[in-house]
file data12.txt (compact mmCIF, N, CA and C atoms)
# COMPACT_ATOMS: atom_id res chain seq x y z
N MET A 1 52.22 -17.01 -32.90
CA MET A 1 51.01 -17.78 -33.07
C MET A 1 50.09 -17.63 -31.86
N LYS A 2 50.69 -17.67 -30.64
CA LYS A 2 49.88 -17.51 -29.43
C LYS A 2 49.24 -16.13 -29.40
N THR A 3 49.97 -15.13 -29.86
CA THR A 3 49.44 -13.77 -29.88
C THR A 3 48.25 -13.68 -30.83
N LEU A 4 48.35 -14.33 -31.96
CA LEU A 4 47.27 -14.33 -32.94
C LEU A 4 46.01 -15.01 -32.37
N VAL A 5 46.17 -16.11 -31.69
CA VAL A 5 45.04 -16.82 -31.09
C VAL A 5 44.39 -15.95 -30.00
N LYS A 6 45.21 -15.31 -29.17
CA LYS A 6 44.68 -14.43 -28.12
C LYS A 6 43.92 -13.25 -28.72
N THR A 7 44.46 -12.71 -29.81
CA THR A 7 43.80 -11.58 -30.47
C THR A 7 42.44 -11.99 -31.01
N PHE A 8 42.35 -13.15 -31.67
CA PHE A 8 41.07 -13.63 -32.19
C PHE A 8 40.10 -13.94 -31.06
N ALA A 9 40.59 -14.51 -29.97
CA ALA A 9 39.73 -14.81 -28.83
C ALA A 9 39.18 -13.53 -28.21
N ALA A 10 40.02 -12.53 -28.08
CA ALA A 10 39.59 -11.25 -27.52
C ALA A 10 38.56 -10.59 -28.44
N ALA A 11 38.81 -10.63 -29.75
CA ALA A 11 37.88 -10.04 -30.71
C ALA A 11 36.52 -10.76 -30.65
N ALA A 12 36.56 -12.08 -30.52
CA ALA A 12 35.31 -12.85 -30.44
C ALA A 12 34.54 -12.49 -29.17
N LEU A 13 35.22 -12.36 -28.05
CA LEU A 13 34.56 -11.99 -26.80
C LEU A 13 33.95 -10.59 -26.88
N ILE A 14 34.67 -9.67 -27.46
CA ILE A 14 34.15 -8.30 -27.62
C ILE A 14 32.92 -8.30 -28.52
N THR A 15 32.96 -9.04 -29.60
CA THR A 15 31.83 -9.11 -30.52
C THR A 15 30.60 -9.71 -29.84
N ILE A 16 30.80 -10.80 -29.13
CA ILE A 16 29.68 -11.44 -28.43
C ILE A 16 29.11 -10.51 -27.37
N SER A 17 29.97 -9.85 -26.62
CA SER A 17 29.51 -8.91 -25.59
C SER A 17 28.72 -7.76 -26.20
N THR A 18 29.19 -7.24 -27.31
CA THR A 18 28.51 -6.13 -27.98
C THR A 18 27.12 -6.55 -28.42
N PHE A 19 26.98 -7.73 -29.01
CA PHE A 19 25.67 -8.20 -29.44
C PHE A 19 24.75 -8.44 -28.25
N ALA A 20 25.29 -8.97 -27.18
CA ALA A 20 24.47 -9.22 -25.99
C ALA A 20 23.95 -7.92 -25.39
N VAL A 21 24.79 -6.91 -25.33
CA VAL A 21 24.37 -5.61 -24.79
C VAL A 21 23.37 -4.95 -25.72
N ALA A 22 23.58 -5.01 -27.00
CA ALA A 22 22.68 -4.38 -27.97
C ALA A 22 21.31 -5.02 -27.98
N ALA A 23 21.24 -6.31 -27.63
CA ALA A 23 19.96 -7.02 -27.66
C ALA A 23 19.10 -6.75 -26.44
N THR A 24 19.66 -6.14 -25.42
CA THR A 24 18.90 -5.90 -24.19
C THR A 24 18.45 -4.47 -24.12
N ASP A 25 17.46 -4.25 -23.26
CA ASP A 25 16.94 -2.91 -23.00
C ASP A 25 18.02 -2.09 -22.30
N PRO A 26 18.16 -0.80 -22.63
CA PRO A 26 19.15 0.00 -21.94
C PRO A 26 18.85 0.17 -20.46
N GLY A 27 17.60 0.00 -20.07
CA GLY A 27 17.25 0.08 -18.65
C GLY A 27 17.61 -1.23 -17.97
N LYS A 28 17.64 -1.21 -16.66
CA LYS A 28 17.98 -2.43 -15.95
C LYS A 28 16.77 -3.38 -15.92
N ALA A 29 17.05 -4.67 -15.89
CA ALA A 29 15.99 -5.66 -15.83
C ALA A 29 15.31 -5.60 -14.46
N LEU A 30 14.05 -5.91 -14.43
CA LEU A 30 13.29 -5.87 -13.19
C LEU A 30 13.56 -7.12 -12.37
N ASN A 31 13.77 -6.94 -11.08
CA ASN A 31 13.92 -8.05 -10.16
C ASN A 31 12.75 -7.99 -9.19
N LEU A 32 11.87 -8.97 -9.25
CA LEU A 32 10.63 -8.96 -8.47
C LEU A 32 10.61 -10.06 -7.42
N SER A 33 11.78 -10.52 -6.98
CA SER A 33 11.85 -11.63 -6.04
C SER A 33 11.56 -11.24 -4.59
N THR A 34 11.73 -9.96 -4.24
CA THR A 34 11.39 -9.48 -2.90
C THR A 34 10.58 -8.19 -3.04
N ALA A 35 9.88 -7.84 -1.97
CA ALA A 35 9.08 -6.62 -2.00
C ALA A 35 9.97 -5.39 -2.18
N ASP A 36 11.11 -5.36 -1.50
CA ASP A 36 12.02 -4.21 -1.62
C ASP A 36 12.55 -4.05 -3.03
N LEU A 37 12.93 -5.17 -3.67
CA LEU A 37 13.42 -5.10 -5.04
C LEU A 37 12.30 -4.70 -6.00
N ALA A 38 11.09 -5.17 -5.75
CA ALA A 38 9.95 -4.82 -6.61
C ALA A 38 9.65 -3.33 -6.51
N ILE A 39 9.69 -2.77 -5.30
CA ILE A 39 9.41 -1.34 -5.15
C ILE A 39 10.52 -0.52 -5.80
N ASP A 40 11.77 -0.99 -5.69
CA ASP A 40 12.87 -0.31 -6.38
C ASP A 40 12.68 -0.36 -7.90
N SER A 41 12.21 -1.50 -8.39
CA SER A 41 11.94 -1.64 -9.82
C SER A 41 10.83 -0.69 -10.25
N TYR A 42 9.79 -0.58 -9.44
CA TYR A 42 8.68 0.32 -9.74
C TYR A 42 9.17 1.77 -9.82
N VAL A 43 9.99 2.18 -8.85
CA VAL A 43 10.54 3.54 -8.86
C VAL A 43 11.39 3.75 -10.11
N SER A 44 12.17 2.76 -10.48
CA SER A 44 13.00 2.85 -11.68
C SER A 44 12.15 2.99 -12.94
N VAL A 45 11.07 2.24 -13.01
CA VAL A 45 10.16 2.33 -14.15
C VAL A 45 9.53 3.71 -14.23
N MET A 46 9.07 4.21 -13.09
CA MET A 46 8.36 5.49 -13.06
C MET A 46 9.27 6.70 -13.26
N THR A 47 10.51 6.64 -12.77
CA THR A 47 11.37 7.83 -12.79
C THR A 47 12.52 7.77 -13.77
N GLU A 48 12.91 6.56 -14.20
CA GLU A 48 14.07 6.44 -15.08
C GLU A 48 13.74 5.88 -16.45
N GLY A 49 12.48 5.57 -16.69
CA GLY A 49 12.08 5.08 -18.00
C GLY A 49 12.49 3.64 -18.27
N ALA A 50 12.82 2.88 -17.23
CA ALA A 50 13.13 1.46 -17.43
C ALA A 50 11.86 0.77 -17.92
N SER A 51 11.98 -0.04 -18.96
CA SER A 51 10.76 -0.65 -19.48
C SER A 51 10.86 -2.15 -19.73
N GLN A 52 12.02 -2.71 -19.53
CA GLN A 52 12.20 -4.14 -19.77
C GLN A 52 11.36 -4.95 -18.79
N GLY A 53 10.42 -5.72 -19.29
CA GLY A 53 9.62 -6.62 -18.47
C GLY A 53 8.56 -5.94 -17.61
N ILE A 54 8.12 -4.72 -18.00
CA ILE A 54 7.17 -4.02 -17.12
C ILE A 54 5.82 -4.73 -17.01
N GLU A 55 5.49 -5.57 -17.99
CA GLU A 55 4.24 -6.31 -17.89
C GLU A 55 4.23 -7.20 -16.66
N LYS A 56 5.40 -7.71 -16.28
CA LYS A 56 5.51 -8.60 -15.12
C LYS A 56 5.36 -7.83 -13.81
N LEU A 57 5.62 -6.52 -13.84
CA LEU A 57 5.59 -5.71 -12.63
C LEU A 57 4.19 -5.47 -12.10
N PHE A 58 3.21 -5.40 -13.00
CA PHE A 58 1.86 -5.03 -12.61
C PHE A 58 0.94 -6.25 -12.56
N ALA A 59 0.21 -6.38 -11.45
CA ALA A 59 -0.76 -7.46 -11.29
C ALA A 59 -1.88 -7.29 -12.32
N GLN A 60 -2.56 -8.37 -12.64
CA GLN A 60 -3.63 -8.32 -13.64
C GLN A 60 -4.73 -7.35 -13.27
N GLU A 61 -5.04 -7.22 -11.99
CA GLU A 61 -6.12 -6.33 -11.54
C GLU A 61 -5.62 -4.92 -11.22
N PHE A 62 -4.38 -4.61 -11.58
CA PHE A 62 -3.80 -3.30 -11.27
C PHE A 62 -4.66 -2.15 -11.80
N ASN A 63 -4.75 -1.10 -10.99
CA ASN A 63 -5.31 0.17 -11.47
C ASN A 63 -4.60 1.30 -10.77
N GLN A 64 -4.63 2.44 -11.41
CA GLN A 64 -3.97 3.64 -10.90
C GLN A 64 -5.02 4.73 -10.77
N LYS A 65 -5.09 5.33 -9.59
CA LYS A 65 -6.00 6.45 -9.36
C LYS A 65 -5.15 7.71 -9.21
N ILE A 66 -5.58 8.76 -9.87
CA ILE A 66 -4.89 10.05 -9.78
C ILE A 66 -5.85 11.02 -9.13
N GLN A 67 -5.47 11.49 -7.95
CA GLN A 67 -6.29 12.42 -7.19
C GLN A 67 -5.87 13.84 -7.55
N GLY A 68 -6.79 14.64 -7.99
CA GLY A 68 -6.54 16.03 -8.33
C GLY A 68 -7.84 16.79 -8.24
N LYS A 69 -8.00 17.78 -9.11
CA LYS A 69 -9.28 18.49 -9.15
C LYS A 69 -10.40 17.52 -9.47
N SER A 70 -10.09 16.53 -10.27
CA SER A 70 -11.03 15.43 -10.52
C SER A 70 -10.24 14.13 -10.37
N VAL A 71 -10.94 13.05 -10.12
CA VAL A 71 -10.29 11.76 -9.94
C VAL A 71 -10.26 11.04 -11.28
N ARG A 72 -9.12 10.51 -11.62
CA ARG A 72 -8.96 9.76 -12.86
C ARG A 72 -8.45 8.37 -12.52
N THR A 73 -8.97 7.37 -13.20
CA THR A 73 -8.51 5.99 -13.00
C THR A 73 -7.95 5.48 -14.31
N ASN A 74 -6.74 4.90 -14.24
CA ASN A 74 -6.10 4.31 -15.40
C ASN A 74 -6.01 2.80 -15.21
N SER A 75 -6.28 2.06 -16.26
CA SER A 75 -6.21 0.60 -16.22
C SER A 75 -4.76 0.15 -16.35
N ARG A 76 -4.55 -1.12 -16.13
CA ARG A 76 -3.22 -1.72 -16.27
C ARG A 76 -2.67 -1.49 -17.67
N SER A 77 -3.48 -1.76 -18.68
CA SER A 77 -3.01 -1.62 -20.06
C SER A 77 -2.69 -0.17 -20.41
N GLU A 78 -3.47 0.77 -19.90
CA GLU A 78 -3.19 2.19 -20.16
C GLU A 78 -1.87 2.62 -19.54
N VAL A 79 -1.61 2.17 -18.31
CA VAL A 79 -0.37 2.54 -17.63
C VAL A 79 0.83 1.92 -18.34
N ILE A 80 0.74 0.64 -18.69
CA ILE A 80 1.85 -0.03 -19.38
C ILE A 80 2.12 0.64 -20.73
N SER A 81 1.08 0.95 -21.47
CA SER A 81 1.25 1.62 -22.76
C SER A 81 1.94 2.97 -22.60
N PHE A 82 1.51 3.75 -21.61
CA PHE A 82 2.13 5.04 -21.34
C PHE A 82 3.60 4.89 -20.97
N LEU A 83 3.90 3.93 -20.09
CA LEU A 83 5.28 3.76 -19.64
C LEU A 83 6.20 3.28 -20.76
N LYS A 84 5.69 2.45 -21.66
CA LYS A 84 6.50 2.01 -22.80
C LYS A 84 6.85 3.19 -23.71
N LYS A 85 5.94 4.14 -23.84
CA LYS A 85 6.22 5.33 -24.64
C LYS A 85 7.26 6.21 -23.97
N GLN A 86 7.39 6.11 -22.64
CA GLN A 86 8.35 6.91 -21.89
C GLN A 86 9.70 6.22 -21.73
N LYS A 87 9.92 5.13 -22.44
CA LYS A 87 11.15 4.35 -22.33
C LYS A 87 12.38 5.25 -22.42
N GLY A 88 13.22 5.15 -21.41
CA GLY A 88 14.47 5.90 -21.39
C GLY A 88 14.35 7.33 -20.90
N GLU A 89 13.14 7.82 -20.68
CA GLU A 89 12.94 9.19 -20.20
C GLU A 89 13.15 9.25 -18.69
N LYS A 90 14.06 10.09 -18.26
CA LYS A 90 14.35 10.23 -16.84
C LYS A 90 13.70 11.50 -16.32
N LEU A 91 12.98 11.37 -15.21
CA LEU A 91 12.33 12.51 -14.59
C LEU A 91 13.34 13.29 -13.75
N ASN A 92 13.23 14.60 -13.78
CA ASN A 92 14.11 15.46 -13.01
C ASN A 92 13.51 15.66 -11.62
N CYS A 93 13.67 14.64 -10.78
CA CYS A 93 13.11 14.70 -9.43
C CYS A 93 13.97 13.89 -8.48
N SER A 94 13.81 14.17 -7.21
CA SER A 94 14.42 13.33 -6.19
C SER A 94 13.32 12.46 -5.60
N THR A 95 13.67 11.25 -5.22
CA THR A 95 12.65 10.33 -4.70
C THR A 95 13.01 9.85 -3.30
N HIS A 96 11.96 9.59 -2.56
CA HIS A 96 12.10 9.00 -1.23
C HIS A 96 11.01 7.95 -1.09
N THR A 97 11.40 6.76 -0.66
CA THR A 97 10.45 5.67 -0.48
C THR A 97 10.35 5.32 0.99
N GLU A 98 9.12 5.21 1.47
CA GLU A 98 8.87 4.85 2.86
C GLU A 98 7.88 3.69 2.89
N VAL A 99 8.27 2.60 3.53
CA VAL A 99 7.39 1.46 3.69
C VAL A 99 6.43 1.76 4.83
N LEU A 100 5.14 1.78 4.53
CA LEU A 100 4.13 2.08 5.54
C LEU A 100 3.68 0.84 6.29
N GLU A 101 3.59 -0.27 5.57
CA GLU A 101 3.17 -1.53 6.18
C GLU A 101 3.70 -2.67 5.33
N GLU A 102 4.08 -3.74 6.01
CA GLU A 102 4.64 -4.87 5.27
C GLU A 102 4.33 -6.17 6.00
N SER A 103 4.01 -7.19 5.24
CA SER A 103 3.83 -8.53 5.79
C SER A 103 4.46 -9.50 4.80
N GLU A 104 4.23 -10.76 5.03
CA GLU A 104 4.82 -11.79 4.17
C GLU A 104 4.31 -11.72 2.74
N ASN A 105 3.05 -11.26 2.56
CA ASN A 105 2.44 -11.30 1.24
C ASN A 105 2.00 -9.97 0.66
N TYR A 106 2.21 -8.87 1.39
CA TYR A 106 1.88 -7.56 0.81
C TYR A 106 2.73 -6.47 1.44
N MET A 107 2.78 -5.36 0.73
CA MET A 107 3.51 -4.18 1.19
C MET A 107 2.76 -2.95 0.73
N VAL A 108 2.72 -1.95 1.59
CA VAL A 108 2.19 -0.64 1.21
C VAL A 108 3.33 0.35 1.40
N ALA A 109 3.63 1.12 0.37
CA ALA A 109 4.74 2.07 0.42
C ALA A 109 4.30 3.41 -0.13
N ARG A 110 4.94 4.46 0.39
CA ARG A 110 4.70 5.81 -0.11
C ARG A 110 5.99 6.26 -0.82
N ILE A 111 5.82 6.65 -2.06
CA ILE A 111 6.95 7.15 -2.85
C ILE A 111 6.71 8.64 -3.07
N THR A 112 7.64 9.45 -2.61
CA THR A 112 7.53 10.89 -2.77
C THR A 112 8.54 11.33 -3.83
N MET A 113 8.04 12.00 -4.86
CA MET A 113 8.88 12.51 -5.94
C MET A 113 8.84 14.04 -5.89
N LYS A 114 9.98 14.64 -5.58
CA LYS A 114 10.05 16.10 -5.47
C LYS A 114 10.62 16.69 -6.76
N PHE A 115 9.79 17.47 -7.41
CA PHE A 115 10.18 18.21 -8.60
C PHE A 115 10.44 19.66 -8.19
N ASP A 116 10.85 20.49 -9.13
CA ASP A 116 11.13 21.89 -8.82
C ASP A 116 9.90 22.63 -8.30
N ASN A 117 8.74 22.41 -8.93
CA ASN A 117 7.56 23.20 -8.61
C ASN A 117 6.42 22.45 -7.93
N PHE A 118 6.56 21.16 -7.72
CA PHE A 118 5.50 20.39 -7.10
C PHE A 118 6.05 19.09 -6.53
N VAL A 119 5.22 18.41 -5.76
CA VAL A 119 5.56 17.11 -5.18
C VAL A 119 4.47 16.12 -5.57
N LYS A 120 4.89 14.97 -6.06
CA LYS A 120 3.96 13.89 -6.38
C LYS A 120 4.14 12.80 -5.34
N THR A 121 3.03 12.39 -4.73
CA THR A 121 3.05 11.29 -3.77
C THR A 121 2.30 10.12 -4.37
N ASP A 122 2.93 8.96 -4.34
CA ASP A 122 2.37 7.74 -4.93
C ASP A 122 2.31 6.69 -3.82
N VAL A 123 1.11 6.31 -3.42
CA VAL A 123 0.94 5.24 -2.44
C VAL A 123 0.69 3.95 -3.23
N VAL A 124 1.59 2.99 -3.04
CA VAL A 124 1.61 1.78 -3.85
C VAL A 124 1.38 0.56 -2.97
N THR A 125 0.52 -0.33 -3.46
CA THR A 125 0.31 -1.61 -2.79
C THR A 125 0.91 -2.71 -3.65
N LEU A 126 1.75 -3.53 -3.04
CA LEU A 126 2.35 -4.66 -3.72
C LEU A 126 1.85 -5.95 -3.09
N VAL A 127 1.72 -6.99 -3.91
CA VAL A 127 1.30 -8.30 -3.42
C VAL A 127 2.27 -9.37 -3.92
N ASN A 128 2.39 -10.42 -3.12
CA ASN A 128 3.25 -11.54 -3.48
C ASN A 128 2.38 -12.58 -4.16
N GLU A 129 2.63 -12.80 -5.44
CA GLU A 129 1.89 -13.80 -6.21
C GLU A 129 2.82 -14.95 -6.53
N SER A 130 2.76 -15.99 -5.73
CA SER A 130 3.58 -17.19 -5.93
C SER A 130 5.07 -16.87 -6.01
N GLY A 131 5.54 -16.03 -5.11
CA GLY A 131 6.96 -15.70 -5.05
C GLY A 131 7.40 -14.54 -5.92
N ILE A 132 6.48 -13.97 -6.68
CA ILE A 132 6.78 -12.82 -7.52
C ILE A 132 5.99 -11.63 -7.00
N TRP A 133 6.70 -10.56 -6.66
CA TRP A 133 6.05 -9.37 -6.14
C TRP A 133 5.56 -8.51 -7.28
N LYS A 134 4.30 -8.07 -7.19
CA LYS A 134 3.69 -7.26 -8.24
C LYS A 134 2.97 -6.07 -7.63
N VAL A 135 2.88 -5.01 -8.41
CA VAL A 135 2.16 -3.82 -7.98
C VAL A 135 0.68 -4.04 -8.26
N ALA A 136 -0.14 -3.96 -7.19
CA ALA A 136 -1.57 -4.22 -7.31
C ALA A 136 -2.35 -2.92 -7.50
N SER A 137 -1.88 -1.81 -6.90
CA SER A 137 -2.58 -0.55 -7.06
C SER A 137 -1.63 0.61 -6.80
N SER A 138 -2.06 1.78 -7.29
CA SER A 138 -1.28 2.99 -7.12
C SER A 138 -2.27 4.15 -7.00
N VAL A 139 -2.05 5.01 -6.00
CA VAL A 139 -2.86 6.21 -5.84
C VAL A 139 -1.92 7.40 -5.81
N ASN A 140 -2.11 8.32 -6.75
CA ASN A 140 -1.22 9.48 -6.90
C ASN A 140 -1.93 10.73 -6.40
N SER A 141 -1.18 11.60 -5.75
CA SER A 141 -1.68 12.93 -5.42
C SER A 141 -0.56 13.92 -5.63
N TYR A 142 -0.95 15.18 -5.80
CA TYR A 142 0.01 16.24 -6.12
C TYR A 142 -0.14 17.40 -5.16
N LYS A 143 0.96 18.04 -4.81
CA LYS A 143 0.97 19.25 -3.99
C LYS A 143 1.75 20.33 -4.70
call {"tool": "encode", "arguments": {"input": "data12.txt", "output": "structure tokens"}}
result
Amino acid sequence: MKTLVKTFAAAALITISTFAVAATDPGKALNLSTADLAIDSYVSVMTEGASQGIEKLFAQEFNQKIQGKSVRTNSRSEVISFLKKQKGEKLNCSTHTEVLEESENYMVARITMKFDNFVKTDVVTLVNESGIWKVASSVNSYK
């Protein structure tokens, strides 16, 4: 009888765990409680296709500038829409993050993504909005 009860309890736990995992995004949830965690979340969104809660990652006034032969500016909604379409897509690159400047309420970081044939540099500004760190701007350049 004890074996039967343990078997049913184990089956119930496995079933509940399976439903809980299936209901969540395969990417990791964003943690925006510190600047370092927010920048790690941003890198994960950009390079690993994590998309759970990305609306929370970007400040309302966010914009992205892409420096190239011509300058292109993308709005917050355009970037979020693009990233949602890239859900689960992992970029084949190595990344390096360097904090350029940091204070209690903002951070500027340079993220270097090295691909086989080019390097993308992303200078990101983060701001602390009532204890939640958000990306306020991004400027991309390519070499």
call {"tool": "closest_residue", "arguments": {"input": "data12.txt", "among": "A:Thr47, A:Gln86, A:Thr121, A:Ser77", "to": "A:Gln60", "atoms": "only N, CA and C atoms"}}
result
A:Ser77
call {"tool": "atom_distance", "arguments": {"input": "data12.txt", "atom1": "atom CA of A:Trp133", "atom2": "atom CA of A:Val71"}}
result
27.0 Å
call {"tool": "residues_around", "arguments": {"input": "data12.txt", "residues": "A:Ile132", "least_positions_apart": "5", "cutoff": "8 Å", "atoms": "all atoms listed in the file", "output": "mmCIF file with N, CA and C atoms, in the coordinates of the input"}}
result
data_model
loop_
_atom_site.group_PDB
_atom_site.id
_atom_site.type_symbol
_atom_site.label_atom_id
_atom_site.label_comp_id
_atom_site.auth_asym_id
_atom_site.auth_seq_id
_atom_site.Cartn_x
_atom_site.Cartn_y
_atom_site.Cartn_z
ATOM 1 N N ASN A 31 13.770 -6.940 -11.080
ATOM 2 C CA ASN A 31 13.920 -8.050 -10.160
ATOM 3 C C ASN A 31 12.750 -7.990 -9.190
ATOM 4 N N LEU A 32 11.870 -8.970 -9.250
ATOM 5 C CA LEU A 32 10.630 -8.960 -8.470
ATOM 6 C C LEU A 32 10.610 -10.060 -7.420
ATOM 7 N N SER A 33 11.780 -10.520 -6.980
ATOM 8 C CA SER A 33 11.850 -11.630 -6.040
ATOM 9 C C SER A 33 11.560 -11.240 -4.590
ATOM 10 N N THR A 34 11.730 -9.960 -4.240
ATOM 11 C CA THR A 34 11.390 -9.480 -2.900
ATOM 12 C C THR A 34 10.580 -8.190 -3.040
ATOM 13 N N ALA A 35 9.880 -7.840 -1.970
ATOM 14 C CA ALA A 35 9.080 -6.620 -2.000
ATOM 15 C C ALA A 35 9.970 -5.390 -2.180
ATOM 16 N N ALA A 38 11.090 -5.170 -5.750
ATOM 17 C CA ALA A 38 9.950 -4.820 -6.610
ATOM 18 C C ALA A 38 9.650 -3.330 -6.510
ATOM 19 N N LYS A 56 5.400 -7.710 -16.280
ATOM 20 C CA LYS A 56 5.510 -8.600 -15.120
ATOM 21 C C LYS A 56 5.360 -7.830 -13.810
ATOM 22 N N VAL A 127 1.720 -6.990 -3.910
ATOM 23 C CA VAL A 127 1.300 -8.300 -3.420
ATOM 24 C C VAL A 127 2.270 -9.370 -3.920
#
call {"tool": "residues_near_point", "arguments": {"input": "data12.txt", "point": "(4.9, -3.9, -10.4)", "cutoff": "7 Å", "atoms": "all atoms listed in the file", "output": "count of residues only"}}
result
12
call {"tool": "atom_distance", "arguments": {"input": "data12.txt", "atom1": "atom N of A:Val99", "atom2": "atom C of A:Glu78"}}
result
25.2 Å
call {"tool": "residues_around", "arguments": {"input": "data12.txt", "residues": "stretch 109-120 of chain A", "least_positions_apart": "4", "cutoff": "6 Å", "atoms": "all atoms listed in the file", "output": "PyMOL selection string"}}
result
chain A and resi 92-101+124-125+141-143
call {"tool": "residues_around", "arguments": {"input": "data12.txt", "residues": "A:Gln64", "least_positions_apart": "5", "cutoff": "6 Å", "atoms": "only N, CA and C atoms", "output": "PyMOL selection string"}}
result
chain A and resi 72-76+137-139
call {"tool": "atom_distance", "arguments": {"input": "data12.txt", "atom1": "atom CA of A:Ser130", "atom2": "atom N of A:Glu102"}}
result
18.0 Å
call {"tool": "closest_residue", "arguments": {"input": "data12.txt", "among": "A:Ser51, A:Met107, A:Ile80, A:Phe62", "to": "A:Asp36", "atoms": "only C-alpha atoms"}}
result
A:Met107
call {"tool": "closest_residue", "arguments": {"input": "data12.txt", "among": "A:Asn105, A:Glu129, A:Lys90, A:Lys85", "to": "A:Val43", "atoms": "only C-alpha atoms"}}
result
A:Lys90
call {"tool": "closest_residue", "arguments": {"input": "data12.txt", "among": "A:Leu126, A:Ile39, A:Val45, A:Ile66", "to": "A:Val108", "atoms": "only N, CA and C atoms"}}
result
A:Leu126
call {"tool": "closest_residue", "arguments": {"input": "data12.txt", "among": "A:Ser103, A:Ser70, A:Gln52, A:Asn140", "to": "A:Lys84", "atoms": "only C-alpha atoms"}}
result
A:Gln52
